[in-house]
Amino acid sequence: MQTPEDIAVVIPVYNRRTILLETLPFVMEQTTAPAQLVIVDDGSTDGTAESTERWLSQRQPTFPWQVIRADHKSASAARNTGLERVKGVPWITFLDSDDHWPRDFLQRATSVLRTQPDTVAAVADRRFLSADGQCLHVDDCRDLIKSPVPWFFQHGAGIASCSVLRSEAVVAVGGWFEGCRDADDSLLFCDLARSGIWTHLPGDPVHFNIGSAQAVCEAHNLSQRRFNQHITWARIYERIYYKILECQPDTPRRILHKALAQRWYIAGKQFIENGRVPQGNACFRRAIHWNPWLLRAWRRQAFSNAKPLRHDVPRQRASTG
């Protein structure tokens, strides 16, 4: 193992004693050690903090580590707590407790960041795996680097585990937003996308494990706990959209409009699947508001007697880009 570099690792966790202990070896076995490891227990009730401290004490990492016990709030609050504890470390990565790095992830990051000092974020590819190890999807994040904000609108911004961020840049945009339960990563990364240069980390992808916590009866992702999370995401991306227009009024908008329409359409489907027809139809009308050519939303709307949603965005705005 090489000497420690200036990258701090923060892992937020809540009621994932088994899952976290399966993830920690992927930090311990890095070919380049982190500067420090901070695990923030967000009020777990299953002994996660105690088990983690015992596990780390037995294995005696070569780098400093600490387990912080916090009141149960949110993953964002836990990440911000970790961010505060690693002041003075130039780079930081926020690893989710169920995701796994390739052994050379930190080494690749430090190699790239040494040669690109103006970078604010470095991102590796991500591979989604099912609980039984089947590959569900792979994202080539070179496309993300080309145009981060449109990519986030289309694919989501759940890239914390495969990203290394400049600490001062994260602080400058206000850290993780604690005022919402979903899509906090979208708010952070869209702000970071406007704050400087992004770069790609070539090599093996980071593994994002879907359903592994549920498979061992531990707390699953917040985004999978509620029946209406998609409408929250749609609203937050609308908020991001208008913020972008304020800061960069010349932003091409066609891709963003289509992505917003798709998010509202998915929110509508989620409501319908849960028997909430009026709310679902309202979402379909909002999808049409953003993309009048989304035929699927028109077909869904045809089953509703509600009046079409009034377009409250200036006509020239909707047709630009």
# chains A, B, ... in the order shown; residues from 1 in each chain; ligands from 1

call {"tool": "residues_around", "arguments": {"residues": "Val173 in chain A", "least_positions_apart": "6", "cutoff": "10 Å", "atoms": "only C-alpha atoms", "output": "list in words"}}
result
Leu187, Leu188, Phe189, Cys190, Asp191, Leu192, Arg194 and Ser195 of chain A

call {"tool": "residues_around", "arguments": {"residues": "Ile236 in chain A", "least_positions_apart": "3", "cutoff": "8 Å", "atoms": "only C-alpha atoms", "output": "VMD selection string"}}
result
chain A and resid 183 187 232 to 233 239 to 240

call {"tool": "residues_around", "arguments": {"residues": "Ser212 in chain A", "least_positions_apart": "6", "cutoff": "8 Å", "atoms": "only C-alpha atoms", "output": "list in words"}}
result
Ile19, Asp98, Ser130 and Ala131 of chain A

call {"tool": "write_last_selection", "arguments": {"atoms": "N, CA and C atoms", "output": "PDB file, in the first residue's frame"}}
result
ATOM      1  N   ILE A  19     -24.217  -4.716   6.306  1.00  0.00           N
ATOM      2  CA  ILE A  19     -23.835  -4.152   5.006  1.00  0.00           C
ATOM      3  C   ILE A  19     -22.562  -3.324   5.128  1.00  0.00           C
ATOM      4  N   ASP A  98     -23.400   0.760   1.082  1.00  0.00           N
ATOM      5  CA  ASP A  98     -23.643  -0.479   0.329  1.00  0.00           C
ATOM      6  C   ASP A  98     -22.936  -0.502  -1.022  1.00  0.00           C
ATOM      7  N   SER A 130     -27.526  -6.281  -8.941  1.00  0.00           N
ATOM      8  CA  SER A 130     -28.647  -6.750  -8.136  1.00  0.00           C
ATOM      9  C   SER A 130     -28.128  -7.458  -6.899  1.00  0.00           C
ATOM     10  N   ALA A 131     -29.030  -7.806  -5.984  1.00  0.00           N
ATOM     11  CA  ALA A 131     -28.635  -8.462  -4.742  1.00  0.00           C
ATOM     12  C   ALA A 131     -27.964  -9.812  -4.991  1.00  0.00           C
TER      13      ALA A 131
END

call {"tool": "select_by_dssp", "arguments": {"residues": "range 86-243 of chain A", "states": "helix (DSSP H, G or I)", "output": "number ranges by chain"}}
result
A: 105-115, 142-146, 148-155, 160-162, 167-172, 184-193, 212-215, 222-224, 229-243

call {"tool": "residues_around", "arguments": {"residues": "Leu256 in chain A", "least_positions_apart": "5", "cutoff": "10 Å", "atoms": "only C-alpha atoms", "output": "PDB file with N, CA and C atoms, in the first residue's frame"}}
result
ATOM      1  N   VAL A 149     -24.903  18.761 -16.032  1.00  0.00           N
ATOM      2  CA  VAL A 149     -26.281  19.056 -15.629  1.00  0.00           C
ATOM      3  C   VAL A 149     -27.316  18.307 -16.479  1.00  0.00           C
ATOM      4  N   PRO A 150     -27.245  18.356 -17.808  1.00  0.00           N
ATOM      5  CA  PRO A 150     -28.195  17.543 -18.582  1.00  0.00           C
ATOM      6  C   PRO A 150     -28.118  16.059 -18.242  1.00  0.00           C
ATOM      7  N   TRP A 151     -26.911  15.549 -17.972  1.00  0.00           N
ATOM      8  CA  TRP A 151     -26.760  14.140 -17.608  1.00  0.00           C
ATOM      9  C   TRP A 151     -27.506  13.850 -16.314  1.00  0.00           C
ATOM     10  N   PHE A 152     -27.370  14.741 -15.327  1.00  0.00           N
ATOM     11  CA  PHE A 152     -28.075  14.543 -14.064  1.00  0.00           C
ATOM     12  C   PHE A 152     -29.585  14.570 -14.266  1.00  0.00           C
ATOM     13  N   PHE A 153     -30.059  15.473 -15.101  1.00  0.00           N
ATOM     14  CA  PHE A 153     -31.498  15.545 -15.356  1.00  0.00           C
ATOM     15  C   PHE A 153     -32.015  14.236 -15.945  1.00  0.00           C
ATOM     16  N   GLN A 154     -31.205  13.600 -16.769  1.00  0.00           N
ATOM     17  CA  GLN A 154     -31.640  12.384 -17.441  1.00  0.00           C
ATOM     18  C   GLN A 154     -31.415  11.129 -16.603  1.00  0.00           C
ATOM     19  N   TYR A 237     -35.955  18.939  -9.462  1.00  0.00           N
ATOM     20  CA  TYR A 237     -35.309  19.235 -10.739  1.00  0.00           C
ATOM     21  C   TYR A 237     -35.911  20.475 -11.390  1.00  0.00           C
ATOM     22  N   GLU A 238     -37.189  20.742 -11.176  1.00  0.00           N
ATOM     23  CA  GLU A 238     -37.749  22.020 -11.639  1.00  0.00           C
ATOM     24  C   GLU A 238     -37.062  23.175 -10.921  1.00  0.00           C
ATOM     25  N   TYR A 241     -33.753  23.658 -12.386  1.00  0.00           N
ATOM     26  CA  TYR A 241     -33.885  24.232 -13.730  1.00  0.00           C
ATOM     27  C   TYR A 241     -33.973  25.757 -13.659  1.00  0.00           C
ATOM     28  N   THR A 251     -28.473  28.835 -21.248  1.00  0.00           N
ATOM     29  CA  THR A 251     -28.406  27.371 -21.204  1.00  0.00           C
ATOM     30  C   THR A 251     -29.370  26.753 -22.222  1.00  0.00           C
ATOM     31  N   ALA A 261     -40.045  16.409 -18.301  1.00  0.00           N
ATOM     32  CA  ALA A 261     -41.293  15.741 -18.686  1.00  0.00           C
ATOM     33  C   ALA A 261     -41.254  14.268 -18.300  1.00  0.00           C
ATOM     34  N   GLN A 262     -40.138  13.618 -18.552  1.00  0.00           N
ATOM     35  CA  GLN A 262     -40.005  12.204 -18.210  1.00  0.00           C
ATOM     36  C   GLN A 262     -40.115  11.993 -16.709  1.00  0.00           C
ATOM     37  N   TRP A 290     -44.106  20.358 -19.961  1.00  0.00           N
ATOM     38  CA  TRP A 290     -42.692  20.456 -20.309  1.00  0.00           C
ATOM     39  C   TRP A 290     -42.383  19.902 -21.686  1.00  0.00           C
ATOM     40  N   ASN A 291     -43.145  18.917 -22.118  1.00  0.00           N
ATOM     41  CA  ASN A 291     -42.902  18.329 -23.439  1.00  0.00           C
ATOM     42  C   ASN A 291     -44.239  17.945 -24.070  1.00  0.00           C
ATOM     43  N   GLY A 321     -33.864  26.423 -27.278  1.00  0.00           N
ATOM     44  CA  GLY A 321     -32.849  25.414 -26.989  1.00  0.00           C
ATOM     45  C   GLY A 321     -32.770  24.345 -28.034  1.00  0.00           C
TER      46      GLY A 321
END

call {"tool": "residues_around", "arguments": {"residues": "Thr23 in chain A", "least_positions_apart": "2", "cutoff": "10 Å", "atoms": "only C-alpha atoms", "output": "PyMOL selection string"}}
result
chain A and resi 11+18-21+25-28+95-101

call {"tool": "residues_around", "arguments": {"residues": "Thr110 in chain A", "least_positions_apart": "4", "cutoff": "12 Å", "atoms": "only C-alpha atoms", "output": "PyMOL selection string"}}
result
chain A and resi 2-8+31-35+90-93+104-106+114-117+119+121-123+163-166+201

call {"tool": "write_last_selection", "arguments": {"atoms": "N, CA and C atoms", "output": "mmCIF file, in the first residue's frame"}}
result
data_model
loop_
_atom_site.group_PDB
_atom_site.id
_atom_site.type_symbol
_atom_site.label_atom_id
_atom_site.label_comp_id
_atom_site.auth_asym_id
_atom_site.auth_seq_id
_atom_site.Cartn_x
_atom_site.Cartn_y
_atom_site.Cartn_z
ATOM 1 N N GLN A 2 0.523 2.203 -0.834
ATOM 2 C CA GLN A 2 1.281 3.444 -0.900
ATOM 3 C C GLN A 2 1.004 4.303 0.329
ATOM 4 N N THR A 3 1.727 5.382 0.458
ATOM 5 C CA THR A 3 1.527 6.286 1.580
ATOM 6 C C THR A 3 0.181 6.985 1.453
ATOM 7 N N PRO A 4 -0.435 7.395 2.583
ATOM 8 C CA PRO A 4 -1.747 8.033 2.530
ATOM 9 C C PRO A 4 -1.735 9.317 1.711
ATOM 10 N N GLU A 5 -2.789 9.533 1.002
ATOM 11 C CA GLU A 5 -2.953 10.749 0.215
ATOM 12 C C GLU A 5 -3.969 11.665 0.888
ATOM 13 N N ASP A 6 -4.158 12.824 0.316
ATOM 14 C CA ASP A 6 -5.029 13.818 0.932
ATOM 15 C C ASP A 6 -6.478 13.655 0.496
ATOM 16 N N ILE A 7 -7.001 12.455 0.596
ATOM 17 C CA ILE A 7 -8.414 12.196 0.317
ATOM 18 C C ILE A 7 -9.038 11.613 1.568
ATOM 19 N N ALA A 8 -10.044 12.294 2.098
ATOM 20 C CA ALA A 8 -10.789 11.787 3.247
ATOM 21 C C ALA A 8 -12.005 11.015 2.751
ATOM 22 N N THR A 31 -5.194 0.300 -2.778
ATOM 23 C CA THR A 31 -3.753 0.340 -3.038
ATOM 24 C C THR A 31 -3.126 1.656 -2.605
ATOM 25 N N THR A 32 -3.942 2.694 -2.471
ATOM 26 C CA THR A 32 -3.517 3.961 -1.885
ATOM 27 C C THR A 32 -4.455 4.256 -0.726
ATOM 28 N N ALA A 33 -3.899 4.411 0.463
ATOM 29 C CA ALA A 33 -4.730 4.598 1.652
ATOM 30 C C ALA A 33 -5.328 5.996 1.687
ATOM 31 N N PRO A 34 -6.499 6.144 2.285
ATOM 32 C CA PRO A 34 -7.064 7.487 2.463
ATOM 33 C C PRO A 34 -6.320 8.249 3.559
ATOM 34 N N ALA A 35 -6.497 9.561 3.567
ATOM 35 C CA ALA A 35 -5.906 10.366 4.634
ATOM 36 C C ALA A 35 -6.595 10.068 5.956
ATOM 37 N N PRO A 90 -7.759 18.330 1.433
ATOM 38 C CA PRO A 90 -8.175 18.977 0.183
ATOM 39 C C PRO A 90 -9.231 18.216 -0.616
ATOM 40 N N TRP A 91 -9.284 16.894 -0.474
ATOM 41 C CA TRP A 91 -10.217 16.099 -1.270
ATOM 42 C C TRP A 91 -11.058 15.214 -0.362
ATOM 43 N N ILE A 92 -12.291 14.962 -0.798
ATOM 44 C CA ILE A 92 -13.200 14.160 0.003
ATOM 45 C C ILE A 92 -14.055 13.289 -0.918
ATOM 46 N N THR A 93 -14.388 12.099 -0.447
ATOM 47 C CA THR A 93 -15.302 11.232 -1.178
ATOM 48 C C THR A 93 -16.327 10.686 -0.195
ATOM 49 N N ASP A 104 -8.121 -0.010 -6.764
ATOM 50 C CA ASP A 104 -7.264 1.110 -7.150
ATOM 51 C C ASP A 104 -8.037 2.416 -7.300
ATOM 52 N N PHE A 105 -9.235 2.495 -6.750
ATOM 53 C CA PHE A 105 -10.057 3.698 -6.941
ATOM 54 C C PHE A 105 -9.347 4.951 -6.435
ATOM 55 N N LEU A 106 -8.877 4.946 -5.196
ATOM 56 C CA LEU A 106 -8.214 6.131 -4.645
ATOM 57 C C LEU A 106 -6.890 6.406 -5.340
ATOM 58 N N ARG A 114 -3.477 14.955 -9.281
ATOM 59 C CA ARG A 114 -2.148 15.584 -9.254
ATOM 60 C C ARG A 114 -1.864 16.337 -10.544
ATOM 61 N N THR A 115 -2.315 15.794 -11.666
ATOM 62 C CA THR A 115 -2.016 16.389 -12.973
ATOM 63 C C THR A 115 -3.065 17.401 -13.411
ATOM 64 N N GLN A 116 -4.194 17.467 -12.670
ATOM 65 C CA GLN A 116 -5.272 18.398 -13.034
ATOM 66 C C GLN A 116 -5.689 19.180 -11.793
ATOM 67 N N PRO A 117 -4.853 20.102 -11.352
ATOM 68 C CA PRO A 117 -5.099 20.793 -10.073
ATOM 69 C C PRO A 117 -6.340 21.683 -10.059
ATOM 70 N N THR A 119 -9.296 20.801 -11.079
ATOM 71 C CA THR A 119 -10.492 19.974 -11.043
ATOM 72 C C THR A 119 -11.263 20.168 -9.736
ATOM 73 N N ALA A 121 -14.171 18.017 -9.369
ATOM 74 C CA ALA A 121 -14.778 16.702 -9.186
ATOM 75 C C ALA A 121 -14.186 15.726 -10.190
ATOM 76 N N ALA A 122 -13.869 14.535 -9.709
ATOM 77 C CA ALA A 122 -13.396 13.454 -10.566
ATOM 78 C C ALA A 122 -14.339 12.269 -10.384
ATOM 79 N N VAL A 123 -14.821 11.711 -11.499
ATOM 80 C CA VAL A 123 -15.890 10.710 -11.443
ATOM 81 C C VAL A 123 -15.490 9.462 -12.210
ATOM 82 N N SER A 163 -17.276 9.335 -6.889
ATOM 83 C CA SER A 163 -16.732 10.681 -7.112
ATOM 84 C C SER A 163 -15.753 11.064 -6.010
ATOM 85 N N VAL A 164 -14.746 11.845 -6.398
ATOM 86 C CA VAL A 164 -13.845 12.492 -5.448
ATOM 87 C C VAL A 164 -13.987 13.988 -5.672
ATOM 88 N N LEU A 165 -14.252 14.736 -4.600
ATOM 89 C CA LEU A 165 -14.619 16.143 -4.716
ATOM 90 C C LEU A 165 -13.612 17.036 -3.993
ATOM 91 N N ARG A 166 -13.413 18.229 -4.542
ATOM 92 C CA ARG A 166 -12.580 19.205 -3.849
ATOM 93 C C ARG A 166 -13.356 19.700 -2.625
ATOM 94 N N LEU A 201 -12.404 9.446 -14.308
ATOM 95 C CA LEU A 201 -11.414 8.494 -13.809
ATOM 96 C C LEU A 201 -11.540 7.204 -14.606
#

call {"tool": "atom_distance", "arguments": {"atom1": "CA of Trp298 in chain A", "atom2": "CA of His137 in chain A"}}
result
29.2 Å

call {"tool": "atom_distance", "arguments": {"atom1": "CA of Phe94 in chain A", "atom2": "CA of Cys247 in chain A"}}
result
27.0 Å

call {"tool": "select_by_dssp", "arguments": {"residues": "range 42-210 of chain A", "states": "strand (DSSP E or B)", "output": "MDAnalysis selection string"}}
result
chainID A and resid 42 65:70 91:94 99:100 119:129 135:139 163:166 197:209

call {"tool": "atom_distance", "arguments": {"atom1": "CA of Lys258 in chain A", "atom2": "CA of His289 in chain A"}}
result
10.2 Å

call {"tool": "residues_around", "arguments": {"residues": "Tyr242 in chain A", "least_positions_apart": "6", "cutoff": "12 Å", "atoms": "only C-alpha atoms", "output": "JSON, numbers by chain"}}
result
{"A": [235, 236, 248, 249, 251, 253, 256, 257, 260, 313, 317]}
